[in-house]
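Asks: Next comes start_0.cif, mmCIF, C-alpha atoms (C1' of nucleotides):
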```
data_start
#
loop_
_atom_site.group_PDB
_atom_site.id
_atom_site.type_symbol
_atom_site.label_atom_id
_atom_site.label_comp_id
_atom_site.auth_asym_id
_atom_site.auth_seq_id
_atom_site.Cartn_x
_atom_site.Cartn_y
_atom_site.Cartn_z
ATOM 1 C CA MET P 8 -13.073 -8.568 -14.392
ATOM 2 C CA GLU P 9 -9.736 -10.256 -14.893
ATOM 3 C CA THR P 10 -8.622 -6.666 -15.117
ATOM 4 C CA THR P 11 -5.030 -6.065 -14.255
ATOM 5 C CA ALA P 12 -2.912 -8.734 -15.799
ATOM 6 C CA TYR P 13 -0.388 -6.011 -15.035
ATOM 7 C CA ALA P 14 -0.566 -5.840 -11.286
ATOM 8 C CA LYS P 15 0.031 -9.478 -10.569
ATOM 9 C CA ASP P 16 2.924 -10.452 -12.803
ATOM 10 C CA CYS P 17 4.847 -7.199 -12.883
ATOM 11 C CA PRO P 18 8.016 -7.421 -10.799
ATOM 12 C CA SER P 19 7.725 -3.767 -9.917
ATOM 13 C CA ARG P 20 4.303 -4.286 -8.448
ATOM 14 C CA GLN P 21 5.450 -7.155 -6.282
ATOM 15 C CA ILE P 22 8.293 -5.097 -4.892
ATOM 16 C CA LEU P 23 6.086 -2.047 -4.543
ATOM 17 C CA ASP P 24 3.605 -4.072 -2.546
ATOM 18 C CA ARG P 25 6.300 -5.003 -0.102
ATOM 19 C CA ILE P 26 7.808 -1.561 0.040
ATOM 20 C CA GLY P 27 4.428 0.073 0.329
ATOM 21 C CA ASP P 28 3.704 -1.968 3.417
ATOM 22 C CA THR P 29 4.188 0.093 6.547
ATOM 23 C CA TRP P 30 5.239 -2.658 8.902
ATOM 24 C CA SER P 31 7.621 -4.294 6.444
ATOM 25 C CA VAL P 32 9.544 -1.088 6.003
ATOM 26 C CA LEU P 33 9.681 -0.499 9.735
ATOM 27 C CA VAL P 34 10.902 -4.011 10.421
ATOM 28 C CA VAL P 35 13.601 -3.763 7.774
ATOM 29 C CA GLY P 36 14.606 -0.424 9.240
ATOM 30 C CA MET P 37 14.905 -1.929 12.698
ATOM 31 C CA LEU P 38 16.934 -4.874 11.456
ATOM 32 C CA ALA P 39 19.343 -2.425 9.893
ATOM 33 C CA ASP P 40 20.734 -2.100 13.424
ATOM 34 C CA GLY P 41 21.617 -5.766 13.431
ATOM 35 C CA PRO P 42 20.004 -9.098 14.324
ATOM 36 C CA GLN P 43 17.171 -8.870 16.801
ATOM 37 C CA ARG P 44 14.746 -11.036 18.643
ATOM 38 C CA TYR P 45 11.037 -11.081 18.236
ATOM 39 C CA SER P 46 10.399 -9.356 21.538
ATOM 40 C CA SER P 47 12.905 -6.646 20.752
ATOM 41 C CA LEU P 48 11.153 -5.834 17.513
ATOM 42 C CA ALA P 49 7.786 -5.939 19.246
ATOM 43 C CA LYS P 50 8.992 -3.425 21.786
ATOM 44 C CA ARG P 51 10.776 -1.086 19.428
ATOM 45 C CA ILE P 52 8.099 -0.932 16.765
ATOM 46 C CA GLU P 53 5.460 1.017 18.544
ATOM 47 C CA GLY P 54 1.903 -0.013 17.986
ATOM 48 C CA ILE P 55 2.475 -3.284 16.187
ATOM 49 C CA SER P 56 0.400 -6.263 17.300
ATOM 50 C CA PRO P 57 1.883 -9.757 17.592
ATOM 51 C CA LYS P 58 -0.302 -10.787 14.709
ATOM 52 C CA MET P 59 1.033 -8.141 12.364
ATOM 53 C CA LEU P 60 4.607 -8.603 13.514
ATOM 54 C CA THR P 61 4.517 -12.317 12.830
ATOM 55 C CA GLN P 62 2.733 -11.837 9.547
ATOM 56 C CA THR P 63 5.258 -9.234 8.446
ATOM 57 C CA LEU P 64 8.237 -11.325 9.490
ATOM 58 C CA ARG P 65 6.870 -14.354 7.647
ATOM 59 C CA GLY P 66 6.354 -12.333 4.493
ATOM 60 C CA LEU P 67 9.845 -10.901 4.589
ATOM 61 C CA GLU P 68 11.303 -14.304 5.291
ATOM 62 C CA ARG P 69 9.378 -15.859 2.441
ATOM 63 C CA ASP P 70 10.731 -13.244 0.080
ATOM 64 C CA GLY P 71 14.261 -13.983 1.209
ATOM 65 C CA LEU P 72 14.730 -10.532 2.715
ATOM 66 C CA ILE P 73 15.324 -11.647 6.266
ATOM 67 C CA GLY P 74 16.658 -14.775 7.911
ATOM 68 C CA ARG P 75 15.230 -16.501 10.974
ATOM 69 C CA THR P 76 17.369 -18.369 13.460
ATOM 70 C CA VAL P 77 15.978 -20.492 16.265
ATOM 71 C CA TYR P 78 18.220 -21.234 19.208
ATOM 72 C CA ALA P 79 17.496 -24.371 21.200
ATOM 73 C CA GLU P 80 17.462 -22.621 24.531
ATOM 74 C CA VAL P 81 15.154 -22.178 27.451
ATOM 75 C CA PRO P 82 13.486 -19.811 27.326
ATOM 76 C CA PRO P 83 13.129 -19.921 23.559
ATOM 77 C CA ARG P 84 15.079 -17.477 21.456
ATOM 78 C CA VAL P 85 14.580 -16.470 17.855
ATOM 79 C CA ASP P 86 16.701 -13.965 15.989
ATOM 80 C CA TYR P 87 15.877 -12.200 12.778
ATOM 81 C CA GLU P 88 18.413 -10.532 10.548
ATOM 82 C CA LEU P 89 18.633 -8.984 7.123
ATOM 83 C CA THR P 90 19.930 -11.153 4.322
ATOM 84 C CA ILE P 91 22.146 -9.818 1.558
ATOM 85 C CA LEU P 92 19.007 -9.345 -0.457
ATOM 86 C CA GLY P 93 17.403 -7.553 2.464
ATOM 87 C CA LEU P 94 20.374 -5.245 2.756
ATOM 88 C CA SER P 95 20.005 -4.457 -0.904
ATOM 89 C CA LEU P 96 16.366 -3.602 -0.338
ATOM 90 C CA LEU P 97 17.430 -1.421 2.548
ATOM 91 C CA ASP P 98 19.538 0.571 0.128
ATOM 92 C CA LEU P 99 16.512 1.070 -2.026
ATOM 93 C CA VAL P 100 14.413 2.170 0.918
ATOM 94 C CA ARG P 101 17.091 4.648 1.851
ATOM 95 C CA ALA P 102 17.090 6.004 -1.678
ATOM 96 C CA LEU P 103 13.387 6.486 -1.262
ATOM 97 C CA SER P 104 13.896 8.267 2.028
ATOM 98 C CA ARG P 105 16.376 10.568 0.415
ATOM 99 C CA TRP P 106 13.930 11.432 -2.331
ATOM 100 C CA ALA P 107 11.219 11.963 0.234
ATOM 101 C CA GLU P 108 13.278 14.286 2.390
ATOM 102 C CA THR P 109 14.351 16.235 -0.637
ATOM 103 C CA HIS P 110 10.920 16.722 -2.107
ATOM 104 C CA ILE P 111 8.469 16.518 0.763
ATOM 105 C CA GLY P 112 8.560 20.302 1.039
ATOM 106 C CA ASP P 113 7.328 20.687 -2.518
ATOM 107 C CA VAL P 114 4.623 18.130 -1.945
ATOM 108 C CA GLN P 115 3.390 19.771 1.224
ATOM 109 C CA ALA P 116 3.414 23.190 -0.391
ATOM 110 C CA ALA P 117 1.389 21.787 -3.260
ATOM 111 C CA ARG P 118 -1.088 20.345 -0.801
ATOM 112 C CA VAL P 119 -1.523 23.628 1.006
ATOM 113 C CA ALA P 120 -2.024 25.420 -2.297
ATOM 114 C CA TYR P 121 -4.541 22.819 -3.412
ATOM 115 C CA ASP P 122 -6.466 22.961 -0.155
ATOM 116 C CA ASN P 123 -6.557 26.755 -0.098
ATOM 117 C CA PRO P 124 -7.599 27.750 -3.597
ATOM 118 C CA GLY P 125 -6.925 31.322 -4.546
ATOM 119 C CA VAL P 126 -4.933 32.166 -1.463
ATOM 120 C CA ARG P 127 -1.728 34.083 -1.993
ATOM 121 C CA VAL P 128 1.167 33.406 0.299
ATOM 122 C CA SER P 129 2.187 36.181 2.689
ATOM 123 C CA VAL P 130 0.121 38.845 0.996
ATOM 124 C CA SER P 131 -2.358 40.395 3.361
ATOM 125 C CA SER P 132 -3.864 43.304 1.475
ATOM 126 C CA MET R 24 -3.916 3.645 20.651
ATOM 127 C CA GLU R 25 -2.146 6.734 19.394
ATOM 128 C CA THR R 26 0.321 4.195 18.092
ATOM 129 C CA THR R 27 2.448 5.290 15.210
ATOM 130 C CA ALA R 28 3.486 8.869 15.617
ATOM 131 C CA TYR R 29 5.931 7.617 13.025
ATOM 132 C CA ALA R 30 3.667 6.771 10.173
ATOM 133 C CA LYS R 31 1.914 10.070 9.883
ATOM 134 C CA ASP R 32 4.676 12.649 10.008
ATOM 135 C CA CYS R 33 7.463 10.753 8.336
ATOM 136 C CA PRO R 34 8.139 12.070 4.835
ATOM 137 C CA SER R 35 9.157 8.616 3.693
ATOM 138 C CA ARG R 36 5.829 7.196 4.733
ATOM 139 C CA GLN R 37 3.902 9.832 2.837
ATOM 140 C CA ILE R 38 5.850 9.154 -0.321
ATOM 141 C CA LEU R 39 5.656 5.419 0.222
ATOM 142 C CA ASP R 40 1.917 5.672 0.522
ATOM 143 C CA ARG R 41 1.733 7.315 -2.839
ATOM 144 C CA ILE R 42 4.233 4.998 -4.472
ATOM 145 C CA GLY R 43 2.631 1.953 -2.945
ATOM 146 C CA ASP R 44 -0.649 2.863 -4.561
ATOM 147 C CA THR R 45 -1.255 0.759 -7.655
ATOM 148 C CA TRP R 46 -3.308 3.226 -9.628
ATOM 149 C CA SER R 47 -1.068 6.186 -8.883
ATOM 150 C CA VAL R 48 1.949 4.393 -10.237
ATOM 151 C CA LEU R 49 0.067 3.296 -13.321
ATOM 152 C CA VAL R 50 -1.235 6.786 -13.997
ATOM 153 C CA VAL R 51 2.211 8.293 -13.600
ATOM 154 C CA GLY R 52 3.562 5.629 -15.912
ATOM 155 C CA MET R 53 0.950 6.452 -18.536
ATOM 156 C CA LEU R 54 1.623 10.167 -18.296
ATOM 157 C CA ALA R 55 5.273 9.462 -18.943
ATOM 158 C CA ASP R 56 4.187 9.218 -22.589
ATOM 159 C CA GLY R 57 3.043 12.815 -22.481
ATOM 160 C CA PRO R 58 -0.120 14.774 -21.658
ATOM 161 C CA GLN R 59 -3.329 12.805 -21.918
ATOM 162 C CA ARG R 60 -7.015 13.238 -21.503
ATOM 163 C CA TYR R 61 -9.169 11.596 -18.916
ATOM 164 C CA SER R 62 -10.746 9.216 -21.404
ATOM 165 C CA SER R 63 -7.392 8.186 -22.776
ATOM 166 C CA LEU R 64 -6.192 7.216 -19.333
ATOM 167 C CA ALA R 65 -9.457 5.427 -18.638
ATOM 168 C CA LYS R 66 -9.012 3.379 -21.773
ATOM 169 C CA ARG R 67 -5.337 2.603 -21.406
ATOM 170 C CA ILE R 68 -5.398 1.668 -17.744
ATOM 171 C CA GLU R 69 -7.260 -1.558 -17.855
ATOM 172 C CA GLY R 70 -9.724 -2.231 -15.092
ATOM 173 C CA ILE R 71 -9.807 1.195 -13.495
ATOM 174 C CA SER R 72 -13.213 2.596 -12.613
ATOM 175 C CA PRO R 73 -14.062 6.269 -13.171
ATOM 176 C CA LYS R 74 -14.241 6.689 -9.447
ATOM 177 C CA MET R 75 -10.731 5.407 -8.840
ATOM 178 C CA LEU R 76 -9.321 7.262 -11.820
ATOM 179 C CA THR R 77 -10.715 10.558 -10.595
ATOM 180 C CA GLN R 78 -9.665 9.880 -7.049
ATOM 181 C CA THR R 79 -6.143 8.983 -8.135
ATOM 182 C CA LEU R 80 -5.829 12.016 -10.394
ATOM 183 C CA ARG R 81 -7.016 14.326 -7.621
ATOM 184 C CA GLY R 82 -4.514 12.872 -5.213
ATOM 185 C CA LEU R 83 -1.644 13.247 -7.630
ATOM 186 C CA GLU R 84 -2.730 16.767 -8.468
ATOM 187 C CA ARG R 85 -2.976 17.698 -4.824
ATOM 188 C CA ASP R 86 0.560 16.478 -4.247
ATOM 189 C CA GLY R 87 1.797 18.596 -7.143
ATOM 190 C CA LEU R 88 2.806 15.564 -9.181
ATOM 191 C CA ILE R 89 0.527 16.171 -12.129
ATOM 192 C CA GLY R 90 -1.068 19.224 -13.680
ATOM 193 C CA ARG R 91 -4.638 19.505 -14.904
ATOM 194 C CA THR R 92 -5.647 21.689 -17.824
ATOM 195 C CA VAL R 93 -9.230 22.373 -18.794
ATOM 196 C CA TYR R 94 -9.909 23.562 -22.337
ATOM 197 C CA ALA R 95 -13.043 25.605 -22.916
ATOM 198 C CA GLU R 96 -14.259 23.484 -25.772
ATOM 199 C CA VAL R 97 -17.295 21.508 -26.713
ATOM 200 C CA PRO R 98 -17.159 18.670 -25.988
ATOM 201 C CA PRO R 99 -15.157 19.257 -22.831
ATOM 202 C CA ARG R 100 -11.488 18.440 -22.810
ATOM 203 C CA VAL R 101 -9.186 17.982 -19.864
ATOM 204 C CA ASP R 102 -5.526 17.148 -20.125
ATOM 205 C CA TYR R 103 -3.307 15.758 -17.427
ATOM 206 C CA GLU R 104 0.460 15.912 -17.505
ATOM 207 C CA LEU R 105 3.401 15.290 -15.237
ATOM 208 C CA THR R 106 4.903 18.279 -13.465
ATOM 209 C CA ILE R 107 8.630 18.648 -12.886
ATOM 210 C CA LEU R 108 8.054 17.123 -9.500
ATOM 211 C CA GLY R 109 6.092 14.310 -11.114
ATOM 212 C CA LEU R 110 8.924 13.661 -13.537
ATOM 213 C CA SER R 111 11.276 13.441 -10.608
ATOM 214 C CA LEU R 112 8.996 10.900 -8.987
ATOM 215 C CA LEU R 113 8.956 9.014 -12.258
ATOM 216 C CA ASP R 114 12.723 8.714 -11.995
ATOM 217 C CA LEU R 115 12.322 7.231 -8.569
ATOM 218 C CA VAL R 116 9.715 4.774 -9.784
ATOM 219 C CA ARG R 117 12.049 3.728 -12.555
ATOM 220 C CA ALA R 118 14.828 3.176 -10.067
ATOM 221 C CA LEU R 119 12.427 0.948 -8.223
ATOM 222 C CA SER R 120 11.607 -0.920 -11.393
ATOM 223 C CA ARG R 121 15.256 -1.459 -12.042
ATOM 224 C CA TRP R 122 15.767 -2.892 -8.595
ATOM 225 C CA ALA R 123 12.728 -5.076 -9.042
ATOM 226 C CA GLU R 124 13.848 -6.474 -12.378
ATOM 227 C CA THR R 125 17.297 -7.124 -11.006
ATOM 228 C CA HIS R 126 16.210 -8.928 -7.876
ATOM 229 C CA ILE R 127 12.804 -10.398 -8.586
ATOM 230 C CA GLY R 128 14.470 -13.661 -9.533
ATOM 231 C CA ASP R 129 16.015 -13.971 -6.094
ATOM 232 C CA VAL R 130 12.723 -13.146 -4.453
ATOM 233 C CA GLN R 131 10.808 -15.692 -6.463
ATOM 234 C CA ALA R 132 13.405 -18.353 -5.832
ATOM 235 C CA ALA R 133 13.169 -17.613 -2.113
ATOM 236 C CA ARG R 134 9.407 -17.968 -2.281
ATOM 237 C CA VAL R 135 9.600 -21.304 -4.008
ATOM 238 C CA ALA R 136 12.102 -22.513 -1.442
ATOM 239 C CA TYR R 137 9.920 -21.283 1.389
ATOM 240 C CA ASP R 138 6.789 -22.864 -0.007
ATOM 241 C CA ASN R 139 8.506 -26.203 -0.648
ATOM 242 C CA PRO R 140 10.396 -26.958 2.517
ATOM 243 C CA GLY R 141 13.077 -29.577 2.239
ATOM 244 C CA VAL R 142 12.938 -29.883 -1.499
ATOM 245 C CA ARG R 143 16.256 -29.955 -3.292
ATOM 246 C CA VAL R 144 16.495 -28.400 -6.687
ATOM 247 C CA SER R 145 17.046 -30.734 -9.633
ATOM 248 C CA VAL R 146 17.970 -33.685 -7.493
ATOM 249 C CA SER R 147 15.700 -36.601 -8.117
ATOM 250 C CA SER R 148 17.198 -39.471 -6.140
ATOM 251 C "C1'" DC K 26 9.510 -16.241 25.110
ATOM 252 C "C1'" DC K 27 7.466 -16.784 20.745
ATOM 253 C "C1'" DG K 28 4.109 -16.943 18.648
ATOM 254 C "C1'" DT K 29 -1.182 -18.698 16.997
ATOM 255 C "C1'" DA K 30 -6.405 -18.321 16.967
ATOM 256 C "C1'" DT K 31 -10.326 -15.634 17.067
ATOM 257 C "C1'" DC K 32 -13.369 -12.029 16.558
ATOM 258 C "C1'" DC K 33 -14.655 -7.673 15.009
ATOM 259 C "C1'" DT K 34 -14.436 -3.151 12.849
ATOM 260 C "C1'" DC K 35 -13.322 0.027 9.513
ATOM 261 C "C1'" DC K 36 -11.706 1.407 5.160
ATOM 262 C "C1'" DT K 37 -10.762 0.776 0.598
ATOM 263 C "C1'" DT K 38 -12.353 -0.560 -3.705
ATOM 264 C "C1'" DG K 39 -15.619 -2.036 -7.266
ATOM 265 C "C1'" DA K 40 -19.851 -1.622 -9.913
ATOM 266 C "C1'" DT K 41 -23.061 1.219 -11.791
ATOM 267 C "C1'" DA K 42 -26.277 4.818 -12.783
ATOM 268 C "C1'" DC K 43 -26.527 9.471 -13.430
ATOM 269 C "C1'" DT K 44 -25.353 14.748 -14.471
ATOM 270 C "C1'" DG K 45 -23.172 19.403 -16.232
ATOM 271 C "C1'" DC A 17 -16.491 14.094 -22.469
ATOM 272 C "C1'" DA A 18 -15.504 14.245 -17.836
ATOM 273 C "C1'" DG A 19 -16.631 13.338 -14.121
ATOM 274 C "C1'" DT A 20 -20.070 12.595 -9.386
ATOM 275 C "C1'" DA A 21 -23.257 9.834 -6.283
ATOM 276 C "C1'" DT A 22 -24.522 5.847 -4.158
ATOM 277 C "C1'" DC A 23 -24.393 1.261 -2.440
ATOM 278 C "C1'" DA A 24 -22.505 -3.046 -1.361
ATOM 279 C "C1'" DA A 25 -18.714 -6.286 -0.504
ATOM 280 C "C1'" DG A 26 -14.209 -7.820 0.867
ATOM 281 C "C1'" DG A 27 -10.174 -7.743 3.121
ATOM 282 C "C1'" DA A 28 -6.604 -5.664 5.966
ATOM 283 C "C1'" DG A 29 -5.617 -4.618 10.418
ATOM 284 C "C1'" DG A 30 -6.387 -4.079 15.690
ATOM 285 C "C1'" DA A 31 -7.362 -6.171 20.348
ATOM 286 C "C1'" DT A 32 -6.907 -9.919 22.971
ATOM 287 C "C1'" DA A 33 -6.804 -14.544 24.966
ATOM 288 C "C1'" DC A 34 -4.539 -18.641 24.775
ATOM 289 C "C1'" DG A 35 -0.909 -22.580 23.438
ATOM 290 C "C1'" DG A 36 4.043 -24.981 22.870
#
```
Could you spell out this file's structure in structure tokens?

Replies:
Amino acid sequence: METTAYAKDCPSRQILDRIGDTWSVLVVGMLADGPQRYSSLAKRIEGISPKMLTQTLRGLERDGLIGRTVYAEVPPRVDYELTILGLSLLDLVRALSRWAETHIGDVQAARVAYDNPGVRVSVSS
Amino acid sequence: METTAYAKDCPSRQILDRIGDTWSVLVVGMLADGPQRYSSLAKRIEGISPKMLTQTLRGLERDGLIGRTVYAEVPPRVDYELTILGLSLLDLVRALSRWAETHIGDVQAARVAYDNPGVRVSVSS
DNA sequence: CCGTATCCTCCTTGATACTG
DNA sequence: CAGTATCAAGGAGGATACGG
């Protein structure tokens, strides 16, 4: 029952959980372009609901990956930006992207092979 | 509705999905020690159910990350091992671990700060 | 403008019993 | 030994209406 003492404490798992989260990665990617407001992020990240956007931003802020600045203006204005730590994570995400772009071909080929057992490529007779 | 054209096609997302998966990472980590049988993995990965183990192994196999070898013996014997591609992914996972170990302190400190607003560290008066 | 509150649905996972 | 089949439960996420 108590199962995975591993999953909870392990630093890698905590980071993986964040990095494995779709919206978090997208938000960090967007903020790579510079500080942005809530509404800007909402518009640019297609398909995200206010609930998920807020939830994602709070999580990233809590982990010290992004900063949140409230301007005392009317109408209200809130900017989010990457922290140094967030920029460092961005590097990591980009390393991941590089790996993905390099190897996705192999993965997809493997999938095709797995899904079509016994089929030879480009051999008709 | 159709939302994220992004999420589905993007190579990064596909790899992230795999890497973000707890059991997949654990299995890959176990196989870093060399080829192993199903039962060995089941025993060493605490808390995993046969269903999830099989499901995870199939997924990794389909993506070309691990190989599966069946020996015609009695009792049955099946070995799993990392492929070259799987070893490459292992490198990536280790890079992630390194980042995590390096920065987890910052993240945890940020969390404490976030969860205890206004509290100053080590200042009692 | 920047969110929060609510409801609801699906999907993943877990537990467990069983088979080739 | 190496899985498969089945069922139930929980939580993550989407849609949406409303508040400061």

Asks: Do a neighbour search on segment 27-44 of chain K at 9 Å with only C-alpha atoms (C1' of nucleotides), toss out local chain neighbours closer than 5 positions, and write the hits as a list in words.

Replies: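 What passes the distance filter is Tyr45, Ser46, Pro57, Lys58, Thr61, Pro83, Arg84 and Val85 of chain P; Ser72 and Met75 of chain R; DG19, DT20, DA21, DT22, DA25, DG26, DG27, DA28, DG30, DT32, DA33, DC34 and DG35 of chain A.
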
Asks: Can you give chain R as a tab-separated table (two decimals) with C-alpha atoms, in the coordinates of the input after you superpose it on chain P, pairing all C-alpha atoms in order for the least-squares fit?

Replies:
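The resulting out_27.tsv:
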```tsv
chain	number	residue	atom	x	y	z
R	24	MET	CA	-13.23	-8.59	-14.38
R	25	GLU	CA	-9.87	-10.20	-15.01
R	26	THR	CA	-8.70	-6.61	-15.03
R	27	THR	CA	-5.08	-6.05	-14.26
R	28	ALA	CA	-2.96	-8.72	-15.83
R	29	TYR	CA	-0.42	-6.03	-15.07
R	30	ALA	CA	-0.56	-5.88	-11.33
R	31	LYS	CA	0.05	-9.51	-10.63
R	32	ASP	CA	2.97	-10.45	-12.84
R	33	CYS	CA	4.87	-7.20	-12.89
R	34	PRO	CA	8.04	-7.41	-10.80
R	35	SER	CA	7.75	-3.75	-9.92
R	36	ARG	CA	4.31	-4.28	-8.47
R	37	GLN	CA	5.47	-7.14	-6.30
R	38	ILE	CA	8.30	-5.09	-4.89
R	39	LEU	CA	6.08	-2.05	-4.55
R	40	ASP	CA	3.62	-4.09	-2.57
R	41	ARG	CA	6.30	-5.01	-0.13
R	42	ILE	CA	7.80	-1.55	0.04
R	43	GLY	CA	4.41	0.06	0.35
R	44	ASP	CA	3.71	-2.00	3.42
R	45	THR	CA	4.19	0.06	6.57
R	46	TRP	CA	5.23	-2.70	8.91
R	47	SER	CA	7.62	-4.32	6.46
R	48	VAL	CA	9.52	-1.11	6.01
R	49	LEU	CA	9.65	-0.52	9.74
R	50	VAL	CA	10.88	-4.04	10.44
R	51	VAL	CA	13.56	-3.77	7.79
R	52	GLY	CA	14.56	-0.43	9.24
R	53	MET	CA	14.86	-1.93	12.72
R	54	LEU	CA	16.90	-4.86	11.47
R	55	ALA	CA	19.30	-2.41	9.90
R	56	ASP	CA	20.69	-2.08	13.44
R	57	GLY	CA	21.59	-5.75	13.42
R	58	PRO	CA	19.99	-9.08	14.34
R	59	GLN	CA	17.16	-8.85	16.82
R	60	ARG	CA	14.74	-11.05	18.64
R	61	TYR	CA	11.02	-11.10	18.21
R	62	SER	CA	10.39	-9.36	21.51
R	63	SER	CA	12.88	-6.64	20.74
R	64	LEU	CA	11.11	-5.83	17.51
R	65	ALA	CA	7.75	-5.96	19.24
R	66	LYS	CA	8.96	-3.44	21.78
R	67	ARG	CA	10.73	-1.09	19.41
R	68	ILE	CA	8.04	-0.94	16.76
R	69	GLU	CA	5.38	0.98	18.53
R	70	GLY	CA	1.82	-0.08	17.98
R	71	ILE	CA	2.42	-3.36	16.19
R	72	SER	CA	0.37	-6.33	17.31
R	73	PRO	CA	1.90	-9.81	17.61
R	74	LYS	CA	-0.26	-10.90	14.75
R	75	MET	CA	1.02	-8.24	12.39
R	76	LEU	CA	4.60	-8.66	13.53
R	77	THR	CA	4.52	-12.37	12.84
R	78	GLN	CA	2.74	-11.90	9.57
R	79	THR	CA	5.23	-9.27	8.45
R	80	LEU	CA	8.23	-11.35	9.49
R	81	ARG	CA	6.89	-14.39	7.64
R	82	GLY	CA	6.35	-12.36	4.51
R	83	LEU	CA	9.83	-10.91	4.60
R	84	GLU	CA	11.31	-14.32	5.29
R	85	ARG	CA	9.39	-15.87	2.44
R	86	ASP	CA	10.74	-13.24	0.07
R	87	GLY	CA	14.28	-13.98	1.21
R	88	LEU	CA	14.72	-10.53	2.72
R	89	ILE	CA	15.32	-11.63	6.28
R	90	GLY	CA	16.68	-14.75	7.92
R	91	ARG	CA	15.26	-16.47	10.97
R	92	THR	CA	17.40	-18.33	13.47
R	93	VAL	CA	16.01	-20.45	16.27
R	94	TYR	CA	18.28	-21.19	19.23
R	95	ALA	CA	17.58	-24.34	21.21
R	96	GLU	CA	17.52	-22.59	24.54
R	97	VAL	CA	15.20	-22.16	27.44
R	98	PRO	CA	13.51	-19.77	27.29
R	99	PRO	CA	13.17	-19.87	23.53
R	100	ARG	CA	15.12	-17.43	21.44
R	101	VAL	CA	14.61	-16.46	17.84
R	102	ASP	CA	16.72	-13.96	15.99
R	103	TYR	CA	15.86	-12.17	12.79
R	104	GLU	CA	18.40	-10.50	10.56
R	105	LEU	CA	18.63	-8.97	7.13
R	106	THR	CA	19.94	-11.14	4.32
R	107	ILE	CA	22.16	-9.79	1.56
R	108	LEU	CA	19.02	-9.33	-0.47
R	109	GLY	CA	17.40	-7.56	2.47
R	110	LEU	CA	20.38	-5.24	2.76
R	111	SER	CA	20.02	-4.44	-0.90
R	112	LEU	CA	16.37	-3.60	-0.34
R	113	LEU	CA	17.43	-1.43	2.56
R	114	ASP	CA	19.54	0.57	0.13
R	115	LEU	CA	16.52	1.07	-2.03
R	116	VAL	CA	14.42	2.16	0.91
R	117	ARG	CA	17.09	4.65	1.85
R	118	ALA	CA	17.11	6.02	-1.67
R	119	LEU	CA	13.40	6.48	-1.27
R	120	SER	CA	13.91	8.25	2.02
R	121	ARG	CA	16.38	10.56	0.42
R	122	TRP	CA	13.96	11.45	-2.32
R	123	ALA	CA	11.24	11.97	0.24
R	124	GLU	CA	13.31	14.28	2.41
R	125	THR	CA	14.39	16.24	-0.62
R	126	HIS	CA	10.95	16.74	-2.09
R	127	ILE	CA	8.50	16.52	0.77
R	128	GLY	CA	8.59	20.29	1.08
R	129	ASP	CA	7.36	20.70	-2.48
R	130	VAL	CA	4.65	18.14	-1.92
R	131	GLN	CA	3.43	19.78	1.25
R	132	ALA	CA	3.46	23.20	-0.34
R	133	ALA	CA	1.41	21.80	-3.23
R	134	ARG	CA	-1.07	20.36	-0.77
R	135	VAL	CA	-1.48	23.63	1.04
R	136	ALA	CA	-2.00	25.41	-2.25
R	137	TYR	CA	-4.52	22.83	-3.36
R	138	ASP	CA	-6.44	22.95	-0.11
R	139	ASN	CA	-6.53	26.76	-0.06
R	140	PRO	CA	-7.58	27.76	-3.53
R	141	GLY	CA	-6.93	31.34	-4.47
R	142	VAL	CA	-4.91	32.18	-1.42
R	143	ARG	CA	-1.74	34.13	-2.01
R	144	VAL	CA	1.20	33.48	0.22
R	145	SER	CA	2.23	36.27	2.59
R	146	VAL	CA	0.13	38.89	0.88
R	147	SER	CA	-2.33	40.43	3.24
R	148	SER	CA	-3.92	43.28	1.30
```

Asks: Just the number, please: distance in Å from atom CA of Val50 of chain R to atom CA of Leu103 of chain P, one decimal.

Replies: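 So the answer is 19.4 Å.
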
Asks: Find the distance between atom C1' of DG36 of chain A and atom CA of Arg44 of chain P and write it in Å to one decimal.

Replies: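 That distance, rounded to one decimal, is 18.1 Å.
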
Asks: Have a look at atom CA of Val32 of chain P and atom CA of Leu108 of chain R and let me know their distance in Å, one decimal.

Replies: 24.0 Å

Asks: Taking all atoms of segment 27-44 of chain K that the file lists and extending 5 Å past them on each side, where is the centre of the axis-aligned box and how long are its edges? Answer in Å to one decimal, as JSON.

Replies:
```
{"center_x": -9.5, "center_y": -2.0, "center_z": 3.1, "size_x": 44.0, "size_y": 43.4, "size_z": 45.2}
```

Asks: Could you check which of R:Ala132, R:Ala65, R:Ala55, R:Leu105 is closest to chain P, using all atoms listed in the file?

Replies: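 The shortest atom-to-atom distance to chain P comes from R:Ala132.
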
Asks: Using all atoms listed in the file, collect all residues at a distance of at most 12 Å from (11.4, -8.6, -4.0) as written in the file, then present them as a ChimeraX atom specification.

Replies: /P:17-27,31,66-73,92-97,99 /R:119-134

Asks: Between R:Leu76, R:Glu104, R:Glu96, R:Gly90, which has the minimum distance to Gly57 of chain R (counting all atoms listed in the file)?

Replies: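 Closest to Gly57 of chain R of all the choices is R:Glu104.
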
Asks: Considering only C-alpha atoms, can you say which of R:Val116, R:Leu64, R:Met53, R:Val97 comes closest to chain P?

Replies: R:Val116
